[in-house]
Amino acid sequence: MKKFLFWALSICSMMTLASCTGGYSFTGASIPVDAKTISVKQFPNFASTVNPQLSQKLYEGMQQMFSSQTSLTVINDDGDLQISGEITDYSTRASALSSDDNVATNRLTVTIKVKFTNRFDEKADFEQTFSRFKDYNAALDLSAVEQGLVSEIVTELCEDVFNKSVVNW
């Protein structure tokens, strides 16, 4: 009898959760009910040092983030929500010295400027700069670690833009 009661309550709980609809998602995204689409524009690269894959990675990362974390359909132009921007910095600098005053760690930094437009709520619109970095061993050549660092940075930048644009914590 206890097993039956446990299973019955479990099934009822799952059905109740499945029937809930509205502006809530497990990601915390808060999207206007009428919003059905989001457009993401390619990010032109205006940094003094250009990584030729960075613009495409950001573009695809943003599209993937919104398509996998929301019910919005990603389109090319004039979405209900719109993201555009540009890459403003891509640089590497020394970030830590060793005990003998040699460079021990370098830091790769990527900075983007983003414009977000919400057709249903002007107060949600913003233009903001986002920056992320990753440190790496200075004994390594940047080209040996660059692809992995860029992937991590792009993921973090996409999460930052997603959180700023549709998550209201």
# chains A, B, ... in the order shown; residues from 1 in each chain; ligands from 1
>>> select_by_dssp(residues="region 18-116 of chain A", states="helix (DSSP H, G or I)", output="ChimeraX atom specification")
/A:18-19,54-69
>>> residues_around(residues="Gln128 (chain A)", least_positions_apart="5", cutoff="7 Å", atoms="only C-alpha atoms", output="MDAnalysis selection string")
chainID A and resid 113:115
>>> residues_around(residues="Gln82 (chain A)", least_positions_apart="4", cutoff="12 Å", atoms="only C-alpha atoms", output="PDB file with C-alpha atoms, in the first residue's frame")
ATOM      1  CA  ALA A  35       8.018  37.269 -27.276  1.00  0.00           C
ATOM      2  CA  LYS A  36       8.481  34.369 -29.683  1.00  0.00           C
ATOM      3  CA  THR A  37      11.729  35.216 -31.493  1.00  0.00           C
ATOM      4  CA  ILE A  38      15.215  36.498 -30.851  1.00  0.00           C
ATOM      5  CA  SER A  39      17.616  37.799 -33.455  1.00  0.00           C
ATOM      6  CA  VAL A  40      21.355  37.624 -32.917  1.00  0.00           C
ATOM      7  CA  LYS A  41      23.655  39.612 -35.175  1.00  0.00           C
ATOM      8  CA  GLN A  42      27.245  38.744 -36.036  1.00  0.00           C
ATOM      9  CA  MET A  62      24.702  33.326 -28.389  1.00  0.00           C
ATOM     10  CA  GLN A  63      22.347  31.497 -30.742  1.00  0.00           C
ATOM     11  CA  PHE A  66      19.095  31.262 -26.350  1.00  0.00           C
ATOM     12  CA  LEU A  72      12.473  31.508 -28.346  1.00  0.00           C
ATOM     13  CA  THR A  73      13.082  30.850 -32.029  1.00  0.00           C
ATOM     14  CA  VAL A  74      16.392  32.283 -33.224  1.00  0.00           C
ATOM     15  CA  ILE A  75      15.973  34.279 -36.441  1.00  0.00           C
ATOM     16  CA  ASN A  76      18.288  36.497 -38.504  1.00  0.00           C
ATOM     17  CA  ASP A  77      16.550  39.893 -38.318  1.00  0.00           C
ATOM     18  CA  ASP A  78      13.962  41.875 -36.385  1.00  0.00           C
ATOM     19  CA  VAL A 114      26.420  44.444 -26.482  1.00  0.00           C
ATOM     20  CA  LYS A 115      23.137  46.132 -27.361  1.00  0.00           C
ATOM     21  CA  PHE A 116      19.959  44.357 -26.264  1.00  0.00           C
ATOM     22  CA  THR A 117      16.496  45.448 -27.409  1.00  0.00           C
ATOM     23  CA  ASN A 118      13.232  44.102 -26.025  1.00  0.00           C
ATOM     24  CA  ARG A 119      10.262  45.164 -28.194  1.00  0.00           C
ATOM     25  CA  PHE A 120       7.825  44.506 -25.349  1.00  0.00           C
ATOM     26  CA  GLU A 122      11.845  49.298 -23.252  1.00  0.00           C
ATOM     27  CA  ALA A 124      14.810  46.011 -20.299  1.00  0.00           C
ATOM     28  CA  ASP A 125      16.908  47.476 -23.164  1.00  0.00           C
ATOM     29  CA  PHE A 126      20.597  47.985 -22.470  1.00  0.00           C
ATOM     30  CA  GLU A 127      23.976  48.713 -23.958  1.00  0.00           C
ATOM     31  CA  VAL A 161      24.677  38.396 -21.908  1.00  0.00           C
ATOM     32  CA  PHE A 162      21.929  35.784 -21.390  1.00  0.00           C
ATOM     33  CA  SER A 165      19.023  40.154 -20.995  1.00  0.00           C
ATOM     34  CA  VAL A 166      16.476  37.577 -19.807  1.00  0.00           C
TER      35      VAL A 166
END
>>> residues_around(residues="Val154 (chain A)", least_positions_apart="6", cutoff="12 Å", atoms="only C-alpha atoms", output="PDB file with all heavy atoms, in the first residue's frame")
ATOM      1  N   GLN A  53      38.413  33.466 -35.622  1.00  0.00           N
ATOM      2  CA  GLN A  53      37.247  32.633 -35.310  1.00  0.00           C
ATOM      3  C   GLN A  53      36.347  33.233 -34.232  1.00  0.00           C
ATOM      4  O   GLN A  53      35.240  32.748 -34.014  1.00  0.00           O
ATOM      5  CB  GLN A  53      37.680  31.233 -34.849  1.00  0.00           C
ATOM      6  CG  GLN A  53      38.189  30.348 -35.949  1.00  0.00           C
ATOM      7  CD  GLN A  53      39.707  30.309 -35.983  1.00  0.00           C
ATOM      8  OE1 GLN A  53      40.351  30.496 -34.976  1.00  0.00           O
ATOM      9  NE2 GLN A  53      40.263  30.060 -37.151  1.00  0.00           N
ATOM     10  N   LEU A  54      36.802  34.250 -33.537  1.00  0.00           N
ATOM     11  CA  LEU A  54      36.083  34.761 -32.367  1.00  0.00           C
ATOM     12  C   LEU A  54      34.683  35.271 -32.698  1.00  0.00           C
ATOM     13  O   LEU A  54      33.715  34.955 -32.003  1.00  0.00           O
ATOM     14  CB  LEU A  54      36.897  35.861 -31.677  1.00  0.00           C
ATOM     15  CG  LEU A  54      36.289  36.444 -30.415  1.00  0.00           C
ATOM     16  CD1 LEU A  54      36.035  35.370 -29.363  1.00  0.00           C
ATOM     17  CD2 LEU A  54      37.202  37.532 -29.866  1.00  0.00           C
ATOM     18  N   SER A  55      34.544  36.032 -33.757  1.00  0.00           N
ATOM     19  CA  SER A  55      33.245  36.577 -34.128  1.00  0.00           C
ATOM     20  C   SER A  55      32.228  35.463 -34.370  1.00  0.00           C
ATOM     21  O   SER A  55      31.099  35.502 -33.872  1.00  0.00           O
ATOM     22  CB  SER A  55      33.379  37.456 -35.375  1.00  0.00           C
ATOM     23  OG  SER A  55      32.135  37.983 -35.743  1.00  0.00           O
ATOM     24  N   GLN A  56      32.619  34.454 -35.113  1.00  0.00           N
ATOM     25  CA  GLN A  56      31.727  33.331 -35.413  1.00  0.00           C
ATOM     26  C   GLN A  56      31.397  32.539 -34.149  1.00  0.00           C
ATOM     27  O   GLN A  56      30.252  32.123 -33.946  1.00  0.00           O
ATOM     28  CB  GLN A  56      32.354  32.418 -36.469  1.00  0.00           C
ATOM     29  CG  GLN A  56      31.436  31.326 -36.954  1.00  0.00           C
ATOM     30  CD  GLN A  56      30.236  31.849 -37.743  1.00  0.00           C
ATOM     31  OE1 GLN A  56      30.277  32.913 -38.343  1.00  0.00           O
ATOM     32  NE2 GLN A  56      29.160  31.088 -37.733  1.00  0.00           N
ATOM     33  N   LYS A  57      32.377  32.342 -33.290  1.00  0.00           N
ATOM     34  CA  LYS A  57      32.141  31.594 -32.044  1.00  0.00           C
ATOM     35  C   LYS A  57      31.151  32.333 -31.147  1.00  0.00           C
ATOM     36  O   LYS A  57      30.278  31.711 -30.535  1.00  0.00           O
ATOM     37  CB  LYS A  57      33.455  31.353 -31.305  1.00  0.00           C
ATOM     38  CG  LYS A  57      34.309  30.279 -31.936  1.00  0.00           C
ATOM     39  CD  LYS A  57      35.570  30.048 -31.127  1.00  0.00           C
ATOM     40  CE  LYS A  57      36.454  29.064 -31.827  1.00  0.00           C
ATOM     41  NZ  LYS A  57      36.501  27.784 -31.175  1.00  0.00           N
ATOM     42  N   LEU A  58      31.284  33.637 -31.045  1.00  0.00           N
ATOM     43  CA  LEU A  58      30.331  34.424 -30.251  1.00  0.00           C
ATOM     44  C   LEU A  58      28.932  34.341 -30.837  1.00  0.00           C
ATOM     45  O   LEU A  58      27.952  34.143 -30.113  1.00  0.00           O
ATOM     46  CB  LEU A  58      30.764  35.893 -30.183  1.00  0.00           C
ATOM     47  CG  LEU A  58      31.727  36.252 -29.083  1.00  0.00           C
ATOM     48  CD1 LEU A  58      32.294  37.642 -29.313  1.00  0.00           C
ATOM     49  CD2 LEU A  58      31.063  36.162 -27.720  1.00  0.00           C
ATOM     50  N   TYR A  59      28.839  34.501 -32.128  1.00  0.00           N
ATOM     51  CA  TYR A  59      27.557  34.434 -32.832  1.00  0.00           C
ATOM     52  C   TYR A  59      26.865  33.096 -32.590  1.00  0.00           C
ATOM     53  O   TYR A  59      25.703  33.029 -32.181  1.00  0.00           O
ATOM     54  CB  TYR A  59      27.816  34.673 -34.319  1.00  0.00           C
ATOM     55  CG  TYR A  59      26.634  34.530 -35.229  1.00  0.00           C
ATOM     56  CD1 TYR A  59      25.590  35.458 -35.200  1.00  0.00           C
ATOM     57  CD2 TYR A  59      26.561  33.490 -36.151  1.00  0.00           C
ATOM     58  CE1 TYR A  59      24.502  35.335 -36.060  1.00  0.00           C
ATOM     59  CE2 TYR A  59      25.495  33.371 -37.015  1.00  0.00           C
ATOM     60  CZ  TYR A  59      24.465  34.292 -36.960  1.00  0.00           C
ATOM     61  OH  TYR A  59      23.391  34.169 -37.807  1.00  0.00           O
ATOM     62  N   GLU A  60      27.598  32.016 -32.811  1.00  0.00           N
ATOM     63  CA  GLU A  60      27.025  30.682 -32.618  1.00  0.00           C
ATOM     64  C   GLU A  60      26.738  30.403 -31.143  1.00  0.00           C
ATOM     65  O   GLU A  60      25.737  29.768 -30.808  1.00  0.00           O
ATOM     66  CB  GLU A  60      27.969  29.617 -33.192  1.00  0.00           C
ATOM     67  CG  GLU A  60      28.049  29.656 -34.697  1.00  0.00           C
ATOM     68  CD  GLU A  60      29.152  28.764 -35.271  1.00  0.00           C
ATOM     69  OE1 GLU A  60      29.924  28.153 -34.494  1.00  0.00           O
ATOM     70  OE2 GLU A  60      29.236  28.697 -36.519  1.00  0.00           O
ATOM     71  N   GLY A  61      27.612  30.877 -30.258  1.00  0.00           N
ATOM     72  CA  GLY A  61      27.406  30.678 -28.826  1.00  0.00           C
ATOM     73  C   GLY A  61      26.149  31.362 -28.325  1.00  0.00           C
ATOM     74  O   GLY A  61      25.389  30.797 -27.525  1.00  0.00           O
ATOM     75  N   MET A  62      25.917  32.590 -28.787  1.00  0.00           N
ATOM     76  CA  MET A  62      24.702  33.326 -28.389  1.00  0.00           C
ATOM     77  C   MET A  62      23.457  32.606 -28.913  1.00  0.00           C
ATOM     78  O   MET A  62      22.480  32.422 -28.180  1.00  0.00           O
ATOM     79  CB  MET A  62      24.714  34.749 -28.935  1.00  0.00           C
ATOM     80  CG  MET A  62      25.782  35.630 -28.380  1.00  0.00           C
ATOM     81  SD  MET A  62      25.424  36.258 -26.763  1.00  0.00           S
ATOM     82  CE  MET A  62      26.900  37.215 -26.511  1.00  0.00           C
ATOM     83  N   GLN A  64      23.110  29.460 -29.675  1.00  0.00           N
ATOM     84  CA  GLN A  64      22.959  28.203 -28.948  1.00  0.00           C
ATOM     85  C   GLN A  64      22.405  28.437 -27.540  1.00  0.00           C
ATOM     86  O   GLN A  64      21.524  27.714 -27.079  1.00  0.00           O
ATOM     87  CB  GLN A  64      24.306  27.472 -28.885  1.00  0.00           C
ATOM     88  CG  GLN A  64      24.304  26.210 -28.050  1.00  0.00           C
ATOM     89  CD  GLN A  64      23.387  25.130 -28.581  1.00  0.00           C
ATOM     90  OE1 GLN A  64      23.174  25.025 -29.774  1.00  0.00           O
ATOM     91  NE2 GLN A  64      22.837  24.336 -27.694  1.00  0.00           N
ATOM     92  N   MET A  65      22.908  29.447 -26.869  1.00  0.00           N
ATOM     93  CA  MET A  65      22.470  29.740 -25.497  1.00  0.00           C
ATOM     94  C   MET A  65      20.970  30.029 -25.465  1.00  0.00           C
ATOM     95  O   MET A  65      20.241  29.477 -24.649  1.00  0.00           O
ATOM     96  CB  MET A  65      23.255  30.940 -24.948  1.00  0.00           C
ATOM     97  CG  MET A  65      22.863  31.372 -23.551  1.00  0.00           C
ATOM     98  SD  MET A  65      23.314  30.228 -22.236  1.00  0.00           S
ATOM     99  CE  MET A  65      25.086  30.266 -22.326  1.00  0.00           C
ATOM    100  N   ILE A  87      33.148  43.204 -30.959  1.00  0.00           N
ATOM    101  CA  ILE A  87      34.305  42.815 -30.159  1.00  0.00           C
ATOM    102  C   ILE A  87      35.206  44.042 -30.082  1.00  0.00           C
ATOM    103  O   ILE A  87      35.597  44.591 -31.115  1.00  0.00           O
ATOM    104  CB  ILE A  87      35.040  41.630 -30.804  1.00  0.00           C
ATOM    105  CG1 ILE A  87      34.098  40.432 -30.926  1.00  0.00           C
ATOM    106  CG2 ILE A  87      36.303  41.279 -30.009  1.00  0.00           C
ATOM    107  CD1 ILE A  87      34.557  39.362 -31.894  1.00  0.00           C
ATOM    108  N   TYR A  90      40.793  42.195 -27.617  1.00  0.00           N
ATOM    109  CA  TYR A  90      41.304  40.825 -27.584  1.00  0.00           C
ATOM    110  C   TYR A  90      42.780  40.983 -27.309  1.00  0.00           C
ATOM    111  O   TYR A  90      43.545  41.390 -28.187  1.00  0.00           O
ATOM    112  CB  TYR A  90      41.065  40.130 -28.924  1.00  0.00           C
ATOM    113  CG  TYR A  90      41.476  38.674 -28.944  1.00  0.00           C
ATOM    114  CD1 TYR A  90      40.568  37.684 -28.599  1.00  0.00           C
ATOM    115  CD2 TYR A  90      42.766  38.297 -29.301  1.00  0.00           C
ATOM    116  CE1 TYR A  90      40.930  36.342 -28.616  1.00  0.00           C
ATOM    117  CE2 TYR A  90      43.134  36.964 -29.326  1.00  0.00           C
ATOM    118  CZ  TYR A  90      42.219  35.996 -28.983  1.00  0.00           C
ATOM    119  OH  TYR A  90      42.573  34.668 -28.997  1.00  0.00           O
ATOM    120  N   LEU A 108      44.627  36.200 -21.075  1.00  0.00           N
ATOM    121  CA  LEU A 108      43.927  36.505 -22.323  1.00  0.00           C
ATOM    122  C   LEU A 108      42.591  37.129 -21.947  1.00  0.00           C
ATOM    123  O   LEU A 108      41.818  36.546 -21.177  1.00  0.00           O
ATOM    124  CB  LEU A 108      43.697  35.240 -23.145  1.00  0.00           C
ATOM    125  CG  LEU A 108      42.858  35.425 -24.423  1.00  0.00           C
ATOM    126  CD1 LEU A 108      43.558  36.358 -25.413  1.00  0.00           C
ATOM    127  CD2 LEU A 108      42.560  34.079 -25.059  1.00  0.00           C
ATOM    128  N   THR A 109      42.318  38.315 -22.460  1.00  0.00           N
ATOM    129  CA  THR A 109      41.094  39.050 -22.158  1.00  0.00           C
ATOM    130  C   THR A 109      40.315  39.321 -23.437  1.00  0.00           C
ATOM    131  O   THR A 109      40.903  39.727 -24.447  1.00  0.00           O
ATOM    132  CB  THR A 109      41.408  40.401 -21.471  1.00  0.00           C
ATOM    133  OG1 THR A 109      42.170  40.152 -20.286  1.00  0.00           O
ATOM    134  CG2 THR A 109      40.137  41.161 -21.121  1.00  0.00           C
ATOM    135  N   VAL A 110      39.014  39.093 -23.379  1.00  0.00           N
ATOM    136  CA  VAL A 110      38.115  39.420 -24.485  1.00  0.00           C
ATOM    137  C   VAL A 110      37.033  40.348 -23.945  1.00  0.00           C
ATOM    138  O   VAL A 110      36.421  40.063 -22.914  1.00  0.00           O
ATOM    139  CB  VAL A 110      37.473  38.152 -25.094  1.00  0.00           C
ATOM    140  CG1 VAL A 110      36.477  38.528 -26.189  1.00  0.00           C
ATOM    141  CG2 VAL A 110      38.534  37.204 -25.620  1.00  0.00           C
ATOM    142  N   THR A 111      36.813  41.456 -24.649  1.00  0.00           N
ATOM    143  CA  THR A 111      35.793  42.425 -24.251  1.00  0.00           C
ATOM    144  C   THR A 111      34.840  42.635 -25.420  1.00  0.00           C
ATOM    145  O   THR A 111      35.273  42.785 -26.560  1.00  0.00           O
ATOM    146  CB  THR A 111      36.434  43.770 -23.849  1.00  0.00           C
ATOM    147  OG1 THR A 111      37.391  43.527 -22.816  1.00  0.00           O
ATOM    148  CG2 THR A 111      35.387  44.756 -23.356  1.00  0.00           C
ATOM    149  N   ILE A 112      33.551  42.621 -25.108  1.00  0.00           N
ATOM    150  CA  ILE A 112      32.525  42.869 -26.124  1.00  0.00           C
ATOM    151  C   ILE A 112      31.579  43.963 -25.638  1.00  0.00           C
ATOM    152  O   ILE A 112      31.363  44.124 -24.435  1.00  0.00           O
ATOM    153  CB  ILE A 112      31.724  41.593 -26.476  1.00  0.00           C
ATOM    154  CG1 ILE A 112      31.003  41.027 -25.248  1.00  0.00           C
ATOM    155  CG2 ILE A 112      32.633  40.552 -27.108  1.00  0.00           C
ATOM    156  CD1 ILE A 112      30.078  39.845 -25.529  1.00  0.00           C
ATOM    157  N   PHE A 130      30.919  43.821 -21.683  1.00  0.00           N
ATOM    158  CA  PHE A 130      31.197  42.609 -20.922  1.00  0.00           C
ATOM    159  C   PHE A 130      32.633  42.201 -21.198  1.00  0.00           C
ATOM    160  O   PHE A 130      33.078  42.271 -22.354  1.00  0.00           O
ATOM    161  CB  PHE A 130      30.269  41.461 -21.341  1.00  0.00           C
ATOM    162  CG  PHE A 130      28.812  41.725 -21.083  1.00  0.00           C
ATOM    163  CD1 PHE A 130      28.032  42.367 -22.035  1.00  0.00           C
ATOM    164  CD2 PHE A 130      28.229  41.324 -19.885  1.00  0.00           C
ATOM    165  CE1 PHE A 130      26.684  42.603 -21.802  1.00  0.00           C
ATOM    166  CE2 PHE A 130      26.881  41.561 -19.650  1.00  0.00           C
ATOM    167  CZ  PHE A 130      26.112  42.201 -20.606  1.00  0.00           C
ATOM    168  N   SER A 131      33.328  41.773 -20.183  1.00  0.00           N
ATOM    169  CA  SER A 131      34.715  41.360 -20.350  1.00  0.00           C
ATOM    170  C   SER A 131      34.973  40.113 -19.528  1.00  0.00           C
ATOM    171  O   SER A 131      34.514  39.998 -18.401  1.00  0.00           O
ATOM    172  CB  SER A 131      35.645  42.492 -19.897  1.00  0.00           C
ATOM    173  OG  SER A 131      36.974  42.198 -20.211  1.00  0.00           O
ATOM    174  N   ARG A 132      35.707  39.188 -20.107  1.00  0.00           N
ATOM    175  CA  ARG A 132      36.096  37.951 -19.423  1.00  0.00           C
ATOM    176  C   ARG A 132      37.547  37.653 -19.763  1.00  0.00           C
ATOM    177  O   ARG A 132      38.050  38.041 -20.819  1.00  0.00           O
ATOM    178  CB  ARG A 132      35.220  36.775 -19.857  1.00  0.00           C
ATOM    179  CG  ARG A 132      33.840  36.783 -19.275  1.00  0.00           C
ATOM    180  CD  ARG A 132      33.897  36.644 -17.768  1.00  0.00           C
ATOM    181  NE  ARG A 132      32.570  36.523 -17.203  1.00  0.00           N
ATOM    182  CZ  ARG A 132      32.306  35.788 -16.143  1.00  0.00           C
ATOM    183  NH1 ARG A 132      33.252  35.116 -15.526  1.00  0.00           N
ATOM    184  NH2 ARG A 132      31.080  35.738 -15.680  1.00  0.00           N
ATOM    185  N   PHE A 133      38.211  36.954 -18.855  1.00  0.00           N
ATOM    186  CA  PHE A 133      39.611  36.608 -19.083  1.00  0.00           C
ATOM    187  C   PHE A 133      39.902  35.210 -18.559  1.00  0.00           C
ATOM    188  O   PHE A 133      39.166  34.662 -17.749  1.00  0.00           O
ATOM    189  CB  PHE A 133      40.541  37.620 -18.403  1.00  0.00           C
ATOM    190  CG  PHE A 133      40.424  37.624 -16.897  1.00  0.00           C
ATOM    191  CD1 PHE A 133      41.162  36.735 -16.116  1.00  0.00           C
ATOM    192  CD2 PHE A 133      39.577  38.512 -16.262  1.00  0.00           C
ATOM    193  CE1 PHE A 133      41.050  36.732 -14.739  1.00  0.00           C
ATOM    194  CE2 PHE A 133      39.455  38.514 -14.882  1.00  0.00           C
ATOM    195  CZ  PHE A 133      40.203  37.622 -14.115  1.00  0.00           C
ATOM    196  N   LYS A 134      40.997  34.666 -19.050  1.00  0.00           N
ATOM    197  CA  LYS A 134      41.527  33.391 -18.582  1.00  0.00           C
ATOM    198  C   LYS A 134      43.045  33.534 -18.486  1.00  0.00           C
ATOM    199  O   LYS A 134      43.680  34.098 -19.378  1.00  0.00           O
ATOM    200  CB  LYS A 134      41.186  32.233 -19.533  1.00  0.00           C
ATOM    201  CG  LYS A 134      39.736  31.837 -19.533  1.00  0.00           C
ATOM    202  CD  LYS A 134      39.341  31.230 -18.213  1.00  0.00           C
ATOM    203  CE  LYS A 134      37.859  30.979 -18.159  1.00  0.00           C
ATOM    204  NZ  LYS A 134      37.391  30.685 -16.819  1.00  0.00           N
ATOM    205  N   GLU A 146      45.243  28.790 -26.971  1.00  0.00           N
ATOM    206  CA  GLU A 146      44.267  29.805 -27.371  1.00  0.00           C
ATOM    207  C   GLU A 146      42.877  29.247 -27.632  1.00  0.00           C
ATOM    208  O   GLU A 146      41.883  29.797 -27.150  1.00  0.00           O
ATOM    209  CB  GLU A 146      44.780  30.544 -28.610  1.00  0.00           C
ATOM    210  CG  GLU A 146      43.964  31.745 -28.990  1.00  0.00           C
ATOM    211  CD  GLU A 146      44.629  32.551 -30.097  1.00  0.00           C
ATOM    212  OE1 GLU A 146      45.496  32.014 -30.820  1.00  0.00           O
ATOM    213  OE2 GLU A 146      44.267  33.728 -30.243  1.00  0.00           O
ATOM    214  N   GLN A 147      42.771  28.172 -28.371  1.00  0.00           N
ATOM    215  CA  GLN A 147      41.454  27.635 -28.731  1.00  0.00           C
ATOM    216  C   GLN A 147      40.642  27.272 -27.488  1.00  0.00           C
ATOM    217  O   GLN A 147      39.467  27.610 -27.384  1.00  0.00           O
ATOM    218  CB  GLN A 147      41.601  26.424 -29.647  1.00  0.00           C
ATOM    219  CG  GLN A 147      40.278  25.894 -30.142  1.00  0.00           C
ATOM    220  CD  GLN A 147      40.461  24.772 -31.170  1.00  0.00           C
ATOM    221  OE1 GLN A 147      41.557  24.454 -31.590  1.00  0.00           O
ATOM    222  NE2 GLN A 147      39.355  24.182 -31.566  1.00  0.00           N
ATOM    223  N   GLY A 148      41.258  26.598 -26.536  1.00  0.00           N
ATOM    224  CA  GLY A 148      40.557  26.227 -25.304  1.00  0.00           C
ATOM    225  C   GLY A 148      40.178  27.433 -24.467  1.00  0.00           C
ATOM    226  O   GLY A 148      39.071  27.503 -23.931  1.00  0.00           O
ATOM    227  N   ASP A 160      26.883  35.650 -19.532  1.00  0.00           N
ATOM    228  CA  ASP A 160      26.704  37.008 -18.999  1.00  0.00           C
ATOM    229  C   ASP A 160      25.618  37.766 -19.759  1.00  0.00           C
ATOM    230  O   ASP A 160      24.759  38.407 -19.160  1.00  0.00           O
ATOM    231  CB  ASP A 160      28.022  37.792 -19.081  1.00  0.00           C
ATOM    232  CG  ASP A 160      29.077  37.280 -18.121  1.00  0.00           C
ATOM    233  OD1 ASP A 160      28.751  36.531 -17.177  1.00  0.00           O
ATOM    234  OD2 ASP A 160      30.265  37.634 -18.328  1.00  0.00           O
ATOM    235  N   VAL A 161      25.670  37.691 -21.079  1.00  0.00           N
ATOM    236  CA  VAL A 161      24.677  38.396 -21.908  1.00  0.00           C
ATOM    237  C   VAL A 161      23.288  37.790 -21.684  1.00  0.00           C
ATOM    238  O   VAL A 161      22.301  38.516 -21.532  1.00  0.00           O
ATOM    239  CB  VAL A 161      25.075  38.357 -23.405  1.00  0.00           C
ATOM    240  CG1 VAL A 161      23.958  38.909 -24.284  1.00  0.00           C
ATOM    241  CG2 VAL A 161      26.371  39.120 -23.620  1.00  0.00           C
TER     242      VAL A 161
END
>>> closest_residue(among="A:Ile153, A:Ile83, A:Ala138, A:Val50", to="Asn106 (chain A)", atoms="only C-alpha atoms")
A:Ala138
>>> atom_distance(atom1="CA of Leu140 (chain A)", atom2="CA of Leu157 (chain A)")
24.1 Å
